[in-house]
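Below is one structure, written out as structure tokens; the observations come after it.
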Amino acid sequence: MKSETSTQHQKESSKEITCGIITLSDSRKSKKLDLSGQYMVEEIEARYTLSSRSLIPDEKDELVNAIESMILDNVDVILTTGGTGLDSRDITVETVESLFEKRLDGFGELFRAKSYEEIGAAALLSRATAGIYKKTVIFSMPGSPNAVKTALGLIIDELPHFVHHVKK
């Protein structure tokens, strides 16, 4: 059920948005092997403009540099996959949340609720997060292809609406 205000904002939102994708992985060495990143590419290119894609190791400085570079290139939305778990090398959440000027807690909450419907209590292992940094929306999701499909299913049609509000 949508509200009148939400529907009006969606009508006012431009579909002309640019996105960047960052995959964090110590094991995937090529974009060809990055199934989650490739899925995001296909979904974004079907609706919006993909201006950048990076595959980097789980390193804080590399993630911050990739984000800053995309922002300098005027990306509206950054989607990250990987590094949101509980392993000692999983640094995505701590890194992006330290940048956020505003958090979008509802994304992680809704993602975990939807994941619970799909995979049960293992959804508690996810630390998916989202927020705003320098007028750019950042969504960080797990690295598994199924998790990316779930997460994108929640947000992909709303991306223009997010950007509409963030750019004000």
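Chain identifiers are assigned as A, B, and so on, following the order in which chains appear in the structure tokens; residues are numbered from 1 within each chain, and ligands are numbered from 1 in order of appearance.
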
Using only C-alpha atoms, which residues of stretch 16-97 of chain A come within 12 Å of stretch 162-168 of chain A, and what is the closest atom pair for each, with the distance in Å to one decimal? Give it as a Markdown table, sorted by chain and residue number.
```
| residue | atom | partner | partner_atom | distance |
| --- | --- | --- | --- | --- |
| A:Glu16 | CA | A:Val163 | CA | 10.0 |
| A:Ile17 | CA | A:Val163 | CA | 7.8 |
| A:Thr18 | CA | A:Val163 | CA | 9.9 |
| A:Cys19 | CA | A:Val163 | CA | 10.7 |
| A:Asn74 | CA | A:Lys167 | CA | 11.4 |
| A:Val75 | CA | A:Val163 | CA | 10.3 |
| A:Asp76 | CA | A:Val163 | CA | 6.6 |
| A:Val77 | CA | A:Val163 | CA | 7.5 |
| A:Ile78 | CA | A:Val163 | CA | 11.1 |
```

Residues of stretch 10-121 of chain A in strand (DSSP E), written as a list in words:
Thr18, Cys19, Gly20, Ile21, Ile22, Thr23, Leu24, Thr49, Leu50, Ser51, Ser52, Arg53, Ser54, Leu55, Ile56, Val77, Ile78, Leu79, Thr80, Thr81, Lys102 and Arg103 of chain A

Could you dump the residues just selected with N, CA, C and O atoms as an mmCIF file, in the first residue's frame?
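Result file follows (again-v6.cif):
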```cif
data_model
loop_
_atom_site.group_PDB
_atom_site.id
_atom_site.type_symbol
_atom_site.label_atom_id
_atom_site.label_comp_id
_atom_site.auth_asym_id
_atom_site.auth_seq_id
_atom_site.Cartn_x
_atom_site.Cartn_y
_atom_site.Cartn_z
ATOM 1 N N THR A 18 22.502 7.658 -11.985
ATOM 2 C CA THR A 18 23.709 6.886 -12.266
ATOM 3 C C THR A 18 24.087 6.073 -11.033
ATOM 4 O O THR A 18 23.940 6.537 -9.907
ATOM 5 N N CYS A 19 24.555 4.892 -11.284
ATOM 6 C CA CYS A 19 24.890 3.968 -10.206
ATOM 7 C C CYS A 19 26.326 3.468 -10.355
ATOM 8 O O CYS A 19 26.855 3.392 -11.461
ATOM 9 N N GLY A 20 26.893 3.116 -9.224
ATOM 10 C CA GLY A 20 28.190 2.465 -9.188
ATOM 11 C C GLY A 20 28.076 1.198 -8.359
ATOM 12 O O GLY A 20 27.292 1.138 -7.412
ATOM 13 N N ILE A 21 28.844 0.195 -8.728
ATOM 14 C CA ILE A 21 28.818 -1.086 -8.038
ATOM 15 C C ILE A 21 30.230 -1.399 -7.542
ATOM 16 O O ILE A 21 31.202 -1.292 -8.299
ATOM 17 N N ILE A 22 30.316 -1.797 -6.277
ATOM 18 C CA ILE A 22 31.593 -2.214 -5.689
ATOM 19 C C ILE A 22 31.411 -3.606 -5.104
ATOM 20 O O ILE A 22 30.538 -3.812 -4.257
ATOM 21 N N THR A 23 32.225 -4.536 -5.549
ATOM 22 C CA THR A 23 32.258 -5.874 -4.952
ATOM 23 C C THR A 23 33.504 -5.970 -4.096
ATOM 24 O O THR A 23 34.608 -5.655 -4.558
ATOM 25 N N LEU A 24 33.320 -6.382 -2.861
ATOM 26 C CA LEU A 24 34.446 -6.625 -1.957
ATOM 27 C C LEU A 24 34.630 -8.124 -1.825
ATOM 28 O O LEU A 24 33.697 -8.829 -1.438
ATOM 29 N N THR A 49 21.575 4.094 -15.390
ATOM 30 C CA THR A 49 22.901 4.167 -15.991
ATOM 31 C C THR A 49 23.932 3.637 -15.003
ATOM 32 O O THR A 49 23.998 4.085 -13.862
ATOM 33 N N LEU A 50 24.720 2.693 -15.448
ATOM 34 C CA LEU A 50 25.832 2.187 -14.643
ATOM 35 C C LEU A 50 27.086 2.910 -15.121
ATOM 36 O O LEU A 50 27.477 2.781 -16.273
ATOM 37 N N SER A 51 27.692 3.687 -14.231
ATOM 38 C CA SER A 51 28.864 4.453 -14.660
ATOM 39 C C SER A 51 30.173 3.884 -14.151
ATOM 40 O O SER A 51 31.232 4.254 -14.647
ATOM 41 N N SER A 52 30.103 2.975 -13.168
ATOM 42 C CA SER A 52 31.346 2.467 -12.604
ATOM 43 C C SER A 52 31.118 1.132 -11.923
ATOM 44 O O SER A 52 30.076 0.910 -11.308
ATOM 45 N N ARG A 53 32.130 0.261 -12.041
ATOM 46 C CA ARG A 53 32.098 -1.026 -11.341
ATOM 47 C C ARG A 53 33.513 -1.360 -10.888
ATOM 48 O O ARG A 53 34.452 -1.293 -11.677
ATOM 49 N N SER A 54 33.644 -1.713 -9.612
ATOM 50 C CA SER A 54 34.946 -2.053 -9.044
ATOM 51 C C SER A 54 34.878 -3.398 -8.345
ATOM 52 O O SER A 54 33.868 -3.738 -7.738
ATOM 53 N N LEU A 55 35.968 -4.134 -8.421
ATOM 54 C CA LEU A 55 36.148 -5.371 -7.675
ATOM 55 C C LEU A 55 37.410 -5.180 -6.851
ATOM 56 O O LEU A 55 38.498 -5.006 -7.412
ATOM 57 N N ILE A 56 37.234 -5.126 -5.532
ATOM 58 C CA ILE A 56 38.364 -4.812 -4.657
ATOM 59 C C ILE A 56 38.455 -5.832 -3.523
ATOM 60 O O ILE A 56 37.468 -6.476 -3.186
ATOM 61 N N VAL A 77 23.922 6.651 -6.731
ATOM 62 C CA VAL A 77 23.716 5.494 -5.871
ATOM 63 C C VAL A 77 24.923 4.575 -5.986
ATOM 64 O O VAL A 77 25.372 4.275 -7.091
ATOM 65 N N ILE A 78 25.433 4.135 -4.831
ATOM 66 C CA ILE A 78 26.508 3.150 -4.805
ATOM 67 C C ILE A 78 25.957 1.892 -4.157
ATOM 68 O O ILE A 78 25.377 1.937 -3.069
ATOM 69 N N LEU A 79 26.139 0.768 -4.838
ATOM 70 C CA LEU A 79 25.708 -0.529 -4.338
ATOM 71 C C LEU A 79 26.953 -1.349 -4.054
ATOM 72 O O LEU A 79 27.784 -1.533 -4.940
ATOM 73 N N THR A 80 27.094 -1.833 -2.826
ATOM 74 C CA THR A 80 28.222 -2.700 -2.520
ATOM 75 C C THR A 80 27.701 -4.099 -2.220
ATOM 76 O O THR A 80 26.597 -4.271 -1.714
ATOM 77 N N THR A 81 28.524 -5.079 -2.563
ATOM 78 C CA THR A 81 28.209 -6.471 -2.257
ATOM 79 C C THR A 81 29.443 -7.119 -1.659
ATOM 80 O O THR A 81 30.555 -6.923 -2.137
ATOM 81 N N LYS A 102 23.686 10.191 7.340
ATOM 82 C CA LYS A 102 22.365 9.716 7.763
ATOM 83 C C LYS A 102 22.305 8.230 7.457
ATOM 84 O O LYS A 102 22.792 7.783 6.426
ATOM 85 N N ARG A 103 21.686 7.497 8.372
ATOM 86 C CA ARG A 103 21.508 6.056 8.168
ATOM 87 C C ARG A 103 20.092 5.793 7.660
ATOM 88 O O ARG A 103 19.155 6.503 8.017
#
```

Please provide the set of residues having any atom within 12 Å of A:Ala122, restricted to only C-alpha atoms, with same-chain residues fewer than 5 positions apart removed, written as a list in words.
Gly85, Leu86, Arg112, Ala113, Lys114, Ser115, Tyr116, Glu117, Arg127 and Ala147 of chain A

Would you put the residues from that selection into a file with all heavy atoms, as an mmCIF file, in the first residue's frame?
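Dumped everything to again.cif:
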```cif
data_model
loop_
_atom_site.group_PDB
_atom_site.id
_atom_site.type_symbol
_atom_site.label_atom_id
_atom_site.label_comp_id
_atom_site.auth_asym_id
_atom_site.auth_seq_id
_atom_site.Cartn_x
_atom_site.Cartn_y
_atom_site.Cartn_z
ATOM 1 N N GLY A 85 29.420 -9.774 6.477
ATOM 2 C CA GLY A 85 29.231 -10.898 7.394
ATOM 3 C C GLY A 85 29.979 -10.716 8.702
ATOM 4 O O GLY A 85 30.291 -9.600 9.130
ATOM 5 N N LEU A 86 30.285 -11.838 9.318
ATOM 6 C CA LEU A 86 30.892 -11.839 10.650
ATOM 7 C C LEU A 86 32.373 -12.196 10.644
ATOM 8 O O LEU A 86 33.006 -12.170 11.700
ATOM 9 C CB LEU A 86 30.132 -12.819 11.556
ATOM 10 C CG LEU A 86 28.637 -12.570 11.692
ATOM 11 C CD1 LEU A 86 28.013 -13.633 12.581
ATOM 12 C CD2 LEU A 86 28.350 -11.184 12.223
ATOM 13 N N ARG A 112 16.604 -8.090 6.326
ATOM 14 C CA ARG A 112 16.678 -9.236 7.233
ATOM 15 C C ARG A 112 15.308 -9.906 7.403
ATOM 16 O O ARG A 112 15.211 -11.135 7.473
ATOM 17 C CB ARG A 112 17.281 -8.833 8.572
ATOM 18 C CG ARG A 112 18.812 -8.718 8.491
ATOM 19 C CD ARG A 112 19.451 -8.319 9.791
ATOM 20 N NE ARG A 112 19.265 -6.910 10.103
ATOM 21 C CZ ARG A 112 19.981 -5.931 9.556
ATOM 22 N NH1 ARG A 112 20.914 -6.184 8.671
ATOM 23 N NH2 ARG A 112 19.752 -4.677 9.902
ATOM 24 N N ALA A 113 14.237 -9.122 7.435
ATOM 25 C CA ALA A 113 12.895 -9.699 7.546
ATOM 26 C C ALA A 113 12.574 -10.540 6.305
ATOM 27 O O ALA A 113 12.083 -11.675 6.417
ATOM 28 C CB ALA A 113 11.854 -8.594 7.730
ATOM 29 N N LYS A 114 12.859 -9.996 5.144
ATOM 30 C CA LYS A 114 12.615 -10.727 3.894
ATOM 31 C C LYS A 114 13.512 -11.971 3.815
ATOM 32 O O LYS A 114 13.065 -13.042 3.418
ATOM 33 C CB LYS A 114 12.853 -9.802 2.701
ATOM 34 C CG LYS A 114 12.584 -10.420 1.366
ATOM 35 C CD LYS A 114 11.114 -10.611 1.139
ATOM 36 C CE LYS A 114 10.874 -11.069 -0.292
ATOM 37 N NZ LYS A 114 9.548 -11.641 -0.454
ATOM 38 N N SER A 115 14.766 -11.819 4.224
ATOM 39 C CA SER A 115 15.688 -12.958 4.217
ATOM 40 C C SER A 115 15.215 -14.049 5.168
ATOM 41 O O SER A 115 15.343 -15.242 4.878
ATOM 42 C CB SER A 115 17.099 -12.511 4.610
ATOM 43 O OG SER A 115 17.624 -11.644 3.633
ATOM 44 N N TYR A 116 14.676 -13.643 6.312
ATOM 45 C CA TYR A 116 14.160 -14.614 7.278
ATOM 46 C C TYR A 116 13.066 -15.466 6.636
ATOM 47 O O TYR A 116 13.013 -16.689 6.836
ATOM 48 C CB TYR A 116 13.639 -13.912 8.532
ATOM 49 C CG TYR A 116 13.099 -14.874 9.555
ATOM 50 C CD1 TYR A 116 13.962 -15.610 10.357
ATOM 51 C CD2 TYR A 116 11.727 -15.053 9.705
ATOM 52 C CE1 TYR A 116 13.465 -16.517 11.290
ATOM 53 C CE2 TYR A 116 11.223 -15.948 10.629
ATOM 54 C CZ TYR A 116 12.097 -16.682 11.419
ATOM 55 O OH TYR A 116 11.604 -17.569 12.333
ATOM 56 N N GLU A 117 12.205 -14.841 5.841
ATOM 57 C CA GLU A 117 11.154 -15.579 5.135
ATOM 58 C C GLU A 117 11.763 -16.600 4.182
ATOM 59 O O GLU A 117 11.194 -17.665 3.950
ATOM 60 C CB GLU A 117 10.261 -14.629 4.334
ATOM 61 C CG GLU A 117 9.410 -13.701 5.163
ATOM 62 C CD GLU A 117 8.688 -12.666 4.315
ATOM 63 O OE1 GLU A 117 8.734 -12.746 3.061
ATOM 64 O OE2 GLU A 117 8.075 -11.763 4.910
ATOM 65 N N ARG A 127 24.542 -8.233 8.070
ATOM 66 C CA ARG A 127 24.613 -6.876 8.614
ATOM 67 C C ARG A 127 24.404 -5.862 7.484
ATOM 68 O O ARG A 127 24.993 -4.795 7.468
ATOM 69 C CB ARG A 127 25.971 -6.671 9.289
ATOM 70 C CG ARG A 127 26.175 -7.619 10.467
ATOM 71 C CD ARG A 127 27.482 -7.387 11.200
ATOM 72 N NE ARG A 127 28.617 -7.394 10.309
ATOM 73 C CZ ARG A 127 29.617 -6.492 10.337
ATOM 74 N NH1 ARG A 127 29.612 -5.520 11.215
ATOM 75 N NH2 ARG A 127 30.623 -6.586 9.497
ATOM 76 N N ALA A 147 21.216 -13.301 -1.869
ATOM 77 C CA ALA A 147 21.035 -12.131 -1.001
ATOM 78 C C ALA A 147 20.949 -10.858 -1.831
ATOM 79 O O ALA A 147 20.143 -9.965 -1.537
ATOM 80 C CB ALA A 147 22.168 -12.042 0.008
#
```

Using only C-alpha atoms, determine which residues lie at most 6 Å from stretch 141-146 of chain A, disregarding the query and same-chain residues fewer than 4 positions distant; provide the list as a PDB file with C-alpha atoms, in the first residue's frame.
```
ATOM      1  CA  SER A  36      26.546 -11.008  -7.469  1.00  0.00           C
ATOM      2  CA  THR A  81      28.209  -6.471  -2.257  1.00  0.00           C
ATOM      3  CA  GLY A  82      30.316  -8.525   0.097  1.00  0.00           C
ATOM      4  CA  THR A  84      28.853  -7.632   5.496  1.00  0.00           C
ATOM      5  CA  ALA A 128      23.247  -5.275   5.434  1.00  0.00           C
TER       6      ALA A 128
END
```

Quick one: DSSP helix (DSSP H, G or I) residues in stretch 4-161 of chain A, as a VMD selection string?
chain A and resid 4 to 12 31 to 33 35 to 45 60 to 72 92 to 99 105 to 125 145 to 161

What separation in Å, quoted to one decimal, exists between atom CA of A:Val41 and atom CA of A:Leu152?
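It comes out at 11.1 Å.
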
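Note that the spacing between atom CA of A:Val137 and atom CA of A:Glu101 amounts to 10.4 Å.
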